[in-house]
file protein.cif (mmCIF, N, CA and C atoms)
data_target
loop_
_atom_site.label_atom_id
_atom_site.label_comp_id
_atom_site.auth_asym_id
_atom_site.auth_seq_id
_atom_site.Cartn_x
_atom_site.Cartn_y
_atom_site.Cartn_z
N MET A 1 177.48 83.19 38.97
CA MET A 1 176.53 84.22 38.62
C MET A 1 176.09 84.02 37.17
N MET A 2 174.83 84.25 36.93
CA MET A 2 174.29 84.12 35.57
C MET A 2 174.73 85.30 34.71
N LYS A 3 174.87 85.03 33.41
CA LYS A 3 175.25 86.05 32.46
C LYS A 3 174.17 86.14 31.38
N LYS A 4 173.66 87.35 31.16
CA LYS A 4 172.62 87.57 30.17
C LYS A 4 173.18 87.31 28.77
N THR A 5 172.35 86.68 27.94
CA THR A 5 172.71 86.46 26.54
C THR A 5 171.72 87.21 25.65
N ASP A 6 172.04 87.27 24.40
CA ASP A 6 171.15 87.91 23.42
C ASP A 6 170.47 86.87 22.53
N THR A 7 170.30 85.67 23.05
CA THR A 7 169.67 84.60 22.29
C THR A 7 168.23 84.98 21.97
N LYS A 8 167.84 84.81 20.72
CA LYS A 8 166.47 85.12 20.32
C LYS A 8 165.61 83.87 20.43
N ILE A 9 164.50 84.01 21.15
CA ILE A 9 163.54 82.92 21.32
C ILE A 9 162.17 83.45 20.90
N THR A 10 161.52 82.71 20.00
CA THR A 10 160.18 83.08 19.56
C THR A 10 159.23 81.97 19.99
N ARG A 11 158.13 82.35 20.64
CA ARG A 11 157.15 81.38 21.13
C ARG A 11 155.93 81.36 20.23
N TYR A 12 155.51 80.13 19.90
CA TYR A 12 154.29 79.90 19.12
C TYR A 12 153.32 79.10 19.98
N GLU A 13 152.04 79.28 19.76
CA GLU A 13 151.02 78.48 20.43
C GLU A 13 150.44 77.48 19.45
N HIS A 14 150.18 76.28 19.96
CA HIS A 14 149.49 75.25 19.17
C HIS A 14 148.56 74.55 20.14
N GLY A 15 147.29 74.93 20.13
CA GLY A 15 146.36 74.40 21.12
C GLY A 15 146.82 74.79 22.51
N ASN A 16 146.99 73.79 23.39
CA ASN A 16 147.46 74.05 24.75
C ASN A 16 148.98 73.89 24.89
N PHE A 17 149.67 73.86 23.78
CA PHE A 17 151.11 73.73 23.78
C PHE A 17 151.78 75.04 23.37
N TYR A 18 153.00 75.21 23.84
CA TYR A 18 153.88 76.27 23.35
C TYR A 18 155.03 75.60 22.62
N VAL A 19 155.44 76.19 21.51
CA VAL A 19 156.64 75.77 20.81
C VAL A 19 157.59 76.97 20.84
N ASP A 20 158.73 76.78 21.50
CA ASP A 20 159.73 77.84 21.56
C ASP A 20 160.81 77.53 20.53
N ILE A 21 161.04 78.48 19.65
CA ILE A 21 162.08 78.35 18.64
C ILE A 21 163.26 79.21 19.09
N VAL A 22 164.36 78.53 19.37
CA VAL A 22 165.58 79.19 19.84
C VAL A 22 166.54 79.27 18.67
N GLU A 23 166.93 80.49 18.33
CA GLU A 23 167.89 80.67 17.25
C GLU A 23 169.30 80.44 17.78
N THR A 24 170.03 79.57 17.09
CA THR A 24 171.40 79.26 17.47
C THR A 24 172.35 79.79 16.40
N GLU A 25 173.62 79.64 16.63
CA GLU A 25 174.61 80.11 15.66
C GLU A 25 174.46 79.42 14.31
N TYR A 26 174.03 78.15 14.34
CA TYR A 26 173.99 77.35 13.12
C TYR A 26 172.59 77.03 12.62
N GLY A 27 171.56 77.35 13.37
CA GLY A 27 170.20 77.00 12.97
C GLY A 27 169.21 77.32 14.07
N ILE A 28 168.38 76.33 14.39
CA ILE A 28 167.38 76.52 15.44
C ILE A 28 167.28 75.27 16.31
N GLU A 29 166.71 75.47 17.51
CA GLU A 29 166.26 74.37 18.37
C GLU A 29 164.77 74.57 18.57
N ALA A 30 164.01 73.49 18.57
CA ALA A 30 162.57 73.56 18.82
C ALA A 30 162.29 72.89 20.16
N TRP A 31 161.63 73.61 21.07
CA TRP A 31 161.31 73.13 22.41
C TRP A 31 159.79 73.13 22.58
N LEU A 32 159.26 72.10 23.24
CA LEU A 32 157.82 71.93 23.41
C LEU A 32 157.46 71.96 24.89
N THR A 33 156.42 72.73 25.21
CA THR A 33 155.93 72.84 26.59
C THR A 33 154.40 72.81 26.56
N TYR A 34 153.82 72.11 27.54
CA TYR A 34 152.37 72.14 27.70
C TYR A 34 152.04 73.26 28.68
N MET A 35 150.96 73.99 28.45
CA MET A 35 150.65 75.18 29.25
C MET A 35 150.53 74.89 30.75
N ASP A 36 150.07 73.71 31.15
CA ASP A 36 149.86 73.40 32.56
C ASP A 36 151.06 72.74 33.23
N TYR A 37 152.15 72.54 32.50
CA TYR A 37 153.33 71.89 33.05
C TYR A 37 154.51 72.85 33.00
N GLY A 38 155.45 72.63 33.88
CA GLY A 38 156.65 73.45 33.91
C GLY A 38 157.83 72.72 33.30
N VAL A 39 157.57 71.87 32.33
CA VAL A 39 158.61 71.05 31.72
C VAL A 39 158.68 71.34 30.22
N SER A 40 159.88 71.68 29.75
CA SER A 40 160.11 71.85 28.31
C SER A 40 160.95 70.70 27.81
N ASP A 41 160.54 70.09 26.73
CA ASP A 41 161.30 69.02 26.09
C ASP A 41 161.82 69.53 24.75
N MET A 42 163.08 69.23 24.48
CA MET A 42 163.62 69.59 23.18
C MET A 42 163.08 68.62 22.14
N MET A 43 162.46 69.16 21.11
CA MET A 43 161.99 68.32 20.02
C MET A 43 163.19 67.89 19.18
N PHE A 44 163.89 68.86 18.63
CA PHE A 44 165.09 68.60 17.84
C PHE A 44 165.73 69.92 17.45
N GLY A 45 166.92 69.84 16.91
CA GLY A 45 167.59 71.01 16.36
C GLY A 45 167.74 70.84 14.86
N LEU A 46 167.78 71.95 14.17
CA LEU A 46 167.96 71.94 12.72
C LEU A 46 169.15 72.83 12.36
N ILE A 47 170.00 72.33 11.51
CA ILE A 47 171.14 73.11 11.02
C ILE A 47 170.71 73.80 9.73
N ARG A 48 170.95 75.08 9.68
CA ARG A 48 170.48 75.87 8.53
C ARG A 48 171.12 75.42 7.21
N GLU A 49 172.42 75.16 7.23
CA GLU A 49 173.11 74.78 5.99
C GLU A 49 173.43 73.30 6.02
N GLN A 50 172.82 72.55 5.10
CA GLN A 50 173.05 71.12 5.00
C GLN A 50 173.26 70.74 3.54
N HIS A 51 174.37 70.09 3.29
CA HIS A 51 174.71 69.64 1.94
C HIS A 51 174.67 70.82 0.98
N ASP A 52 173.83 70.76 -0.03
CA ASP A 52 173.78 71.82 -1.03
C ASP A 52 172.59 72.77 -0.82
N HIS A 53 172.00 72.74 0.38
CA HIS A 53 170.78 73.53 0.60
C HIS A 53 170.93 74.38 1.86
N THR A 54 170.47 75.62 1.76
CA THR A 54 170.38 76.49 2.94
C THR A 54 168.90 76.67 3.25
N TYR A 55 168.48 76.20 4.42
CA TYR A 55 167.07 76.27 4.81
C TYR A 55 166.69 77.70 5.20
N THR A 56 165.53 78.13 4.74
CA THR A 56 164.98 79.42 5.16
C THR A 56 164.28 79.23 6.50
N ASP A 57 163.97 80.33 7.17
CA ASP A 57 163.20 80.26 8.41
C ASP A 57 161.87 79.55 8.19
N GLU A 58 161.22 79.87 7.08
CA GLU A 58 159.92 79.27 6.78
C GLU A 58 160.02 77.76 6.58
N GLU A 59 161.08 77.31 5.91
CA GLU A 59 161.27 75.87 5.72
C GLU A 59 161.52 75.17 7.05
N MET A 60 162.32 75.78 7.91
CA MET A 60 162.59 75.15 9.20
C MET A 60 161.33 75.09 10.07
N LEU A 61 160.54 76.16 10.04
CA LEU A 61 159.28 76.15 10.80
C LEU A 61 158.31 75.12 10.23
N ALA A 62 158.31 74.93 8.93
CA ALA A 62 157.45 73.91 8.31
C ALA A 62 157.86 72.51 8.77
N ILE A 63 159.16 72.28 8.95
CA ILE A 63 159.63 70.98 9.45
C ILE A 63 159.15 70.77 10.89
N VAL A 64 159.26 71.80 11.71
CA VAL A 64 158.77 71.71 13.10
C VAL A 64 157.28 71.43 13.09
N ASP A 65 156.52 72.18 12.30
CA ASP A 65 155.07 72.02 12.24
C ASP A 65 154.67 70.62 11.77
N ALA A 66 155.40 70.08 10.80
CA ALA A 66 155.08 68.75 10.26
C ALA A 66 155.29 67.65 11.29
N ASN A 67 156.12 67.89 12.30
CA ASN A 67 156.42 66.88 13.32
C ASN A 67 155.73 67.15 14.65
N LEU A 68 155.00 68.24 14.73
CA LEU A 68 154.47 68.71 16.00
C LEU A 68 153.51 67.73 16.68
N ILE A 69 152.56 67.20 15.97
CA ILE A 69 151.57 66.30 16.58
C ILE A 69 152.25 65.09 17.22
N ASP A 70 153.20 64.48 16.53
CA ASP A 70 153.90 63.32 17.08
C ASP A 70 154.63 63.69 18.37
N TYR A 71 155.27 64.85 18.40
CA TYR A 71 155.98 65.28 19.60
C TYR A 71 155.03 65.62 20.74
N GLU A 72 153.88 66.19 20.42
CA GLU A 72 152.88 66.46 21.46
C GLU A 72 152.39 65.16 22.09
N ILE A 73 152.15 64.15 21.28
CA ILE A 73 151.72 62.85 21.80
C ILE A 73 152.80 62.25 22.70
N MET A 74 154.06 62.29 22.24
CA MET A 74 155.16 61.77 23.07
C MET A 74 155.30 62.55 24.37
N TYR A 75 155.16 63.87 24.30
CA TYR A 75 155.27 64.72 25.48
C TYR A 75 154.24 64.31 26.52
N MET A 76 152.98 64.20 26.11
CA MET A 76 151.92 63.86 27.07
C MET A 76 152.10 62.44 27.61
N LYS A 77 152.53 61.52 26.78
CA LYS A 77 152.77 60.15 27.23
C LYS A 77 153.86 60.14 28.32
N GLU A 78 154.93 60.88 28.10
CA GLU A 78 156.01 60.94 29.08
C GLU A 78 155.55 61.58 30.38
N ARG A 79 154.72 62.63 30.31
CA ARG A 79 154.22 63.27 31.53
C ARG A 79 153.31 62.33 32.31
N ARG A 80 152.45 61.56 31.59
CA ARG A 80 151.57 60.60 32.27
C ARG A 80 152.40 59.52 32.96
N GLU A 81 153.43 59.03 32.29
CA GLU A 81 154.29 58.00 32.89
C GLU A 81 155.01 58.54 34.12
N GLU A 82 155.44 59.79 34.08
CA GLU A 82 156.08 60.40 35.24
C GLU A 82 155.10 60.50 36.40
N GLU A 83 153.88 60.95 36.10
CA GLU A 83 152.86 61.08 37.15
C GLU A 83 152.55 59.72 37.77
N GLU A 84 152.45 58.68 36.95
CA GLU A 84 152.19 57.34 37.47
C GLU A 84 153.33 56.87 38.38
N ARG A 85 154.58 57.16 38.00
CA ARG A 85 155.73 56.80 38.85
C ARG A 85 155.67 57.54 40.18
N TRP A 86 155.36 58.84 40.14
CA TRP A 86 155.29 59.61 41.37
C TRP A 86 154.19 59.08 42.28
N GLU A 87 153.03 58.75 41.68
CA GLU A 87 151.91 58.22 42.47
C GLU A 87 152.27 56.88 43.10
N SER A 88 152.92 56.01 42.35
CA SER A 88 153.27 54.69 42.91
C SER A 88 154.35 54.83 43.98
N GLU A 89 155.25 55.78 43.85
CA GLU A 89 156.27 56.00 44.88
C GLU A 89 155.66 56.59 46.14
N ALA A 90 154.58 57.33 46.01
CA ALA A 90 153.94 57.97 47.17
C ALA A 90 153.13 56.97 47.98
N GLU A 91 152.78 55.84 47.41
CA GLU A 91 151.95 54.84 48.11
C GLU A 91 152.72 54.06 49.12
#
call {"tool": "encode", "arguments": {"input": "protein.cif", "output": "structure tokens"}}
result
Amino acid sequence: MMKKTDTKITRYEHGNFYVDIVETEYGIEAWLTYMDYGVSDMMFGLIREQHDHTYTDEEMLAIVDANLIDYEIMYMKERREEEERWESEAE
């Protein structure tokens, strides 16, 4: 049986993409989804406290934003490759 959690997830829109920011005990996870697909890919996780620096929410979101275009390109490339595999298997 599933158990409800109190995990906080905030969704952002970027064009036709959603970026879900999941707050974890130690930082955040950034997940990317295209509006027309039912697939979420984890971009990366960030640990709030690293070395001598504690990242603010704004700093962590800026890191996600700075990497977003590259992850969107990878996301769409992977979806196209999956579709091509499915089409070739169906033939």
call {"tool": "select_by_dssp", "arguments": {"input": "protein.cif", "residues": "chain A", "states": "helix (DSSP H, G or I)", "output": "PyMOL selection string"}}
result
chain A and resi 57-90
call {"tool": "resolve_selection", "arguments": {"input": "protein.cif", "expression": "the PyMOL selection byres (((chain A and resi 23-36 and name CA) around 10) and name CA)", "output": "number ranges by chain"}}
result
A: 7-22, 37-49, 55-57, 60-61, 64, 68, 71-72, 75-76, 79
call {"tool": "select_by_dssp", "arguments": {"input": "protein.cif", "residues": "chain A", "states": "strand (DSSP E)", "output": "PDB file with N, CA and C atoms, in the coordinates of the input"}}
result
ATOM      1  N   ILE A   9     164.500  84.010  21.150  1.00  0.00           N
ATOM      2  CA  ILE A   9     163.540  82.920  21.320  1.00  0.00           C
ATOM      3  C   ILE A   9     162.170  83.450  20.900  1.00  0.00           C
ATOM      4  N   THR A  10     161.520  82.710  20.000  1.00  0.00           N
ATOM      5  CA  THR A  10     160.180  83.080  19.560  1.00  0.00           C
ATOM      6  C   THR A  10     159.230  81.970  19.990  1.00  0.00           C
ATOM      7  N   ARG A  11     158.130  82.350  20.640  1.00  0.00           N
ATOM      8  CA  ARG A  11     157.150  81.380  21.130  1.00  0.00           C
ATOM      9  C   ARG A  11     155.930  81.360  20.230  1.00  0.00           C
ATOM     10  N   TYR A  12     155.510  80.130  19.900  1.00  0.00           N
ATOM     11  CA  TYR A  12     154.290  79.900  19.120  1.00  0.00           C
ATOM     12  C   TYR A  12     153.320  79.100  19.980  1.00  0.00           C
ATOM     13  N   GLU A  13     152.040  79.280  19.760  1.00  0.00           N
ATOM     14  CA  GLU A  13     151.020  78.480  20.430  1.00  0.00           C
ATOM     15  C   GLU A  13     150.440  77.480  19.450  1.00  0.00           C
ATOM     16  N   HIS A  14     150.180  76.280  19.960  1.00  0.00           N
ATOM     17  CA  HIS A  14     149.490  75.250  19.170  1.00  0.00           C
ATOM     18  C   HIS A  14     148.560  74.550  20.140  1.00  0.00           C
ATOM     19  N   PHE A  17     149.670  73.860  23.780  1.00  0.00           N
ATOM     20  CA  PHE A  17     151.110  73.730  23.780  1.00  0.00           C
ATOM     21  C   PHE A  17     151.780  75.040  23.370  1.00  0.00           C
ATOM     22  N   TYR A  18     153.000  75.210  23.840  1.00  0.00           N
ATOM     23  CA  TYR A  18     153.880  76.270  23.350  1.00  0.00           C
ATOM     24  C   TYR A  18     155.030  75.600  22.620  1.00  0.00           C
ATOM     25  N   VAL A  19     155.440  76.190  21.510  1.00  0.00           N
ATOM     26  CA  VAL A  19     156.640  75.770  20.810  1.00  0.00           C
ATOM     27  C   VAL A  19     157.590  76.970  20.840  1.00  0.00           C
ATOM     28  N   ASP A  20     158.730  76.780  21.500  1.00  0.00           N
ATOM     29  CA  ASP A  20     159.730  77.840  21.560  1.00  0.00           C
ATOM     30  C   ASP A  20     160.810  77.530  20.530  1.00  0.00           C
ATOM     31  N   ILE A  21     161.040  78.480  19.650  1.00  0.00           N
ATOM     32  CA  ILE A  21     162.080  78.350  18.640  1.00  0.00           C
ATOM     33  C   ILE A  21     163.260  79.210  19.090  1.00  0.00           C
ATOM     34  N   VAL A  22     164.360  78.530  19.370  1.00  0.00           N
ATOM     35  CA  VAL A  22     165.580  79.190  19.840  1.00  0.00           C
ATOM     36  C   VAL A  22     166.540  79.270  18.670  1.00  0.00           C
ATOM     37  N   GLU A  23     166.930  80.490  18.330  1.00  0.00           N
ATOM     38  CA  GLU A  23     167.890  80.670  17.250  1.00  0.00           C
ATOM     39  C   GLU A  23     169.300  80.440  17.780  1.00  0.00           C
ATOM     40  N   GLY A  27     171.560  77.350  13.370  1.00  0.00           N
ATOM     41  CA  GLY A  27     170.200  77.000  12.970  1.00  0.00           C
ATOM     42  C   GLY A  27     169.210  77.320  14.070  1.00  0.00           C
ATOM     43  N   ILE A  28     168.380  76.330  14.390  1.00  0.00           N
ATOM     44  CA  ILE A  28     167.380  76.520  15.440  1.00  0.00           C
ATOM     45  C   ILE A  28     167.280  75.270  16.310  1.00  0.00           C
ATOM     46  N   GLU A  29     166.710  75.470  17.510  1.00  0.00           N
ATOM     47  CA  GLU A  29     166.260  74.370  18.370  1.00  0.00           C
ATOM     48  C   GLU A  29     164.770  74.570  18.570  1.00  0.00           C
ATOM     49  N   ALA A  30     164.010  73.490  18.570  1.00  0.00           N
ATOM     50  CA  ALA A  30     162.570  73.560  18.820  1.00  0.00           C
ATOM     51  C   ALA A  30     162.290  72.890  20.160  1.00  0.00           C
ATOM     52  N   TRP A  31     161.630  73.610  21.070  1.00  0.00           N
ATOM     53  CA  TRP A  31     161.310  73.130  22.410  1.00  0.00           C
ATOM     54  C   TRP A  31     159.790  73.130  22.580  1.00  0.00           C
ATOM     55  N   LEU A  32     159.260  72.100  23.240  1.00  0.00           N
ATOM     56  CA  LEU A  32     157.820  71.930  23.410  1.00  0.00           C
ATOM     57  C   LEU A  32     157.460  71.960  24.890  1.00  0.00           C
ATOM     58  N   THR A  33     156.420  72.730  25.210  1.00  0.00           N
ATOM     59  CA  THR A  33     155.930  72.840  26.590  1.00  0.00           C
ATOM     60  C   THR A  33     154.400  72.810  26.560  1.00  0.00           C
ATOM     61  N   TYR A  34     153.820  72.110  27.540  1.00  0.00           N
ATOM     62  CA  TYR A  34     152.370  72.140  27.700  1.00  0.00           C
ATOM     63  C   TYR A  34     152.040  73.260  28.680  1.00  0.00           C
ATOM     64  N   SER A  40     159.880  71.680  29.750  1.00  0.00           N
ATOM     65  CA  SER A  40     160.110  71.850  28.310  1.00  0.00           C
ATOM     66  C   SER A  40     160.950  70.700  27.810  1.00  0.00           C
ATOM     67  N   ASP A  41     160.540  70.090  26.730  1.00  0.00           N
ATOM     68  CA  ASP A  41     161.300  69.020  26.090  1.00  0.00           C
ATOM     69  C   ASP A  41     161.820  69.530  24.750  1.00  0.00           C
ATOM     70  N   MET A  42     163.080  69.230  24.480  1.00  0.00           N
ATOM     71  CA  MET A  42     163.620  69.590  23.180  1.00  0.00           C
ATOM     72  C   MET A  42     163.080  68.620  22.140  1.00  0.00           C
ATOM     73  N   MET A  43     162.460  69.160  21.110  1.00  0.00           N
ATOM     74  CA  MET A  43     161.990  68.320  20.020  1.00  0.00           C
ATOM     75  C   MET A  43     163.190  67.890  19.180  1.00  0.00           C
ATOM     76  N   PHE A  44     163.890  68.860  18.630  1.00  0.00           N
ATOM     77  CA  PHE A  44     165.090  68.600  17.840  1.00  0.00           C
ATOM     78  C   PHE A  44     165.730  69.920  17.450  1.00  0.00           C
ATOM     79  N   GLY A  45     166.920  69.840  16.910  1.00  0.00           N
ATOM     80  CA  GLY A  45     167.590  71.010  16.360  1.00  0.00           C
ATOM     81  C   GLY A  45     167.740  70.840  14.860  1.00  0.00           C
ATOM     82  N   LEU A  46     167.780  71.950  14.170  1.00  0.00           N
ATOM     83  CA  LEU A  46     167.960  71.940  12.720  1.00  0.00           C
ATOM     84  C   LEU A  46     169.150  72.830  12.360  1.00  0.00           C
ATOM     85  N   ILE A  47     170.000  72.330  11.510  1.00  0.00           N
ATOM     86  CA  ILE A  47     171.140  73.110  11.020  1.00  0.00           C
ATOM     87  C   ILE A  47     170.710  73.800   9.730  1.00  0.00           C
ATOM     88  N   GLU A  49     172.420  75.160   7.230  1.00  0.00           N
ATOM     89  CA  GLU A  49     173.110  74.780   5.990  1.00  0.00           C
ATOM     90  C   GLU A  49     173.430  73.300   6.020  1.00  0.00           C
ATOM     91  N   GLN A  50     172.820  72.550   5.100  1.00  0.00           N
ATOM     92  CA  GLN A  50     173.050  71.120   5.000  1.00  0.00           C
ATOM     93  C   GLN A  50     173.260  70.740   3.540  1.00  0.00           C
ATOM     94  N   HIS A  53     172.000  72.740   0.380  1.00  0.00           N
ATOM     95  CA  HIS A  53     170.780  73.530   0.600  1.00  0.00           C
ATOM     96  C   HIS A  53     170.930  74.380   1.860  1.00  0.00           C
ATOM     97  N   THR A  54     170.470  75.620   1.760  1.00  0.00           N
ATOM     98  CA  THR A  54     170.380  76.490   2.940  1.00  0.00           C
ATOM     99  C   THR A  54     168.900  76.670   3.250  1.00  0.00           C
TER     100      THR A  54
END
call {"tool": "atom_distance", "arguments": {"input": "protein.cif", "atom1": "atom C of Ile73 in chain A", "atom2": "atom N of Arg85 in chain A"}}
result
16.2 Å
call {"tool": "atom_distance", "arguments": {"input": "protein.cif", "atom1": "atom N of Gln50 in chain A", "atom2": "atom N of Asp65 in chain A"}}
result
17.8 Å
call {"tool": "atom_distance", "arguments": {"input": "protein.cif", "atom1": "atom C of Asp70 in chain A", "atom2": "atom N of Glu58 in chain A"}}
result
20.8 Å
call {"tool": "decode", "arguments": {"input": "protein.cif", "residues": "range 8-22 of chain A", "atoms": "N, CA, C and O atoms", "output": "mmCIF file, in the first residue's frame"}}
result
data_model
loop_
_atom_site.group_PDB
_atom_site.id
_atom_site.type_symbol
_atom_site.label_atom_id
_atom_site.label_comp_id
_atom_site.auth_asym_id
_atom_site.auth_seq_id
_atom_site.Cartn_x
_atom_site.Cartn_y
_atom_site.Cartn_z
ATOM 1 N N LYS A 8 7.652 18.358 -0.635
ATOM 2 C CA LYS A 8 7.231 19.565 -1.349
ATOM 3 C C LYS A 8 7.791 19.534 -2.761
ATOM 4 O O LYS A 8 8.996 19.360 -2.957
ATOM 5 N N ILE A 9 6.906 19.706 -3.731
ATOM 6 C CA ILE A 9 7.284 19.754 -5.143
ATOM 7 C C ILE A 9 6.713 21.043 -5.730
ATOM 8 O O ILE A 9 5.528 21.325 -5.597
ATOM 9 N N THR A 10 7.585 21.819 -6.370
ATOM 10 C CA THR A 10 7.158 23.052 -7.021
ATOM 11 C C THR A 10 7.392 22.895 -8.515
ATOM 12 O O THR A 10 8.475 22.506 -8.940
ATOM 13 N N ARG A 11 6.370 23.189 -9.307
ATOM 14 C CA ARG A 11 6.462 23.055 -10.768
ATOM 15 C C ARG A 11 6.635 24.424 -11.415
ATOM 16 O O ARG A 11 5.941 25.381 -11.099
ATOM 17 N N TYR A 12 7.589 24.465 -12.349
ATOM 18 C CA TYR A 12 7.843 25.662 -13.160
ATOM 19 C C TYR A 12 7.587 25.313 -14.615
ATOM 20 O O TYR A 12 7.766 24.171 -15.023
ATOM 21 N N GLU A 13 7.185 26.285 -15.398
ATOM 22 C CA GLU A 13 7.026 26.106 -16.840
ATOM 23 C C GLU A 13 8.170 26.799 -17.557
ATOM 24 O O GLU A 13 8.589 27.889 -17.166
ATOM 25 N N HIS A 14 8.649 26.155 -18.620
ATOM 26 C CA HIS A 14 9.652 26.760 -19.495
ATOM 27 C C HIS A 14 9.276 26.346 -20.905
ATOM 28 O O HIS A 14 9.565 25.225 -21.324
ATOM 29 N N GLY A 15 8.599 27.227 -21.625
ATOM 30 C CA GLY A 15 8.080 26.855 -22.941
ATOM 31 C C GLY A 15 7.104 25.707 -22.790
ATOM 32 O O GLY A 15 6.153 25.784 -22.015
ATOM 33 N N ASN A 16 7.344 24.611 -23.522
ATOM 34 C CA ASN A 16 6.486 23.430 -23.440
ATOM 35 C C ASN A 16 7.004 22.396 -22.441
ATOM 36 O O ASN A 16 6.573 21.244 -22.472
ATOM 37 N N PHE A 17 7.914 22.794 -21.598
ATOM 38 C CA PHE A 17 8.476 21.906 -20.596
ATOM 39 C C PHE A 17 7.986 22.291 -19.201
ATOM 40 O O PHE A 17 7.672 23.456 -18.938
ATOM 41 N N TYR A 18 7.964 21.292 -18.333
ATOM 42 C CA TYR A 18 7.778 21.516 -16.905
ATOM 43 C C TYR A 18 9.080 21.147 -16.210
ATOM 44 O O TYR A 18 9.724 20.165 -16.568
ATOM 45 N N VAL A 19 9.454 21.926 -15.215
ATOM 46 C CA VAL A 19 10.572 21.592 -14.349
ATOM 47 C C VAL A 19 9.987 21.443 -12.945
ATOM 48 O O VAL A 19 9.428 22.396 -12.397
ATOM 49 N N ASP A 20 10.087 20.236 -12.405
ATOM 50 C CA ASP A 20 9.606 19.985 -11.055
ATOM 51 C C ASP A 20 10.799 19.998 -10.104
ATOM 52 O O ASP A 20 11.765 19.252 -10.303
ATOM 53 N N ILE A 21 10.721 20.852 -9.111
ATOM 54 C CA ILE A 21 11.759 20.943 -8.093
ATOM 55 C C ILE A 21 11.241 20.225 -6.843
ATOM 56 O O ILE A 21 10.242 20.634 -6.253
ATOM 57 N N VAL A 22 11.923 19.140 -6.506
ATOM 58 C CA VAL A 22 11.547 18.322 -5.359
ATOM 59 C C VAL A 22 12.505 18.650 -4.223
ATOM 60 O O VAL A 22 13.717 18.512 -4.366
#
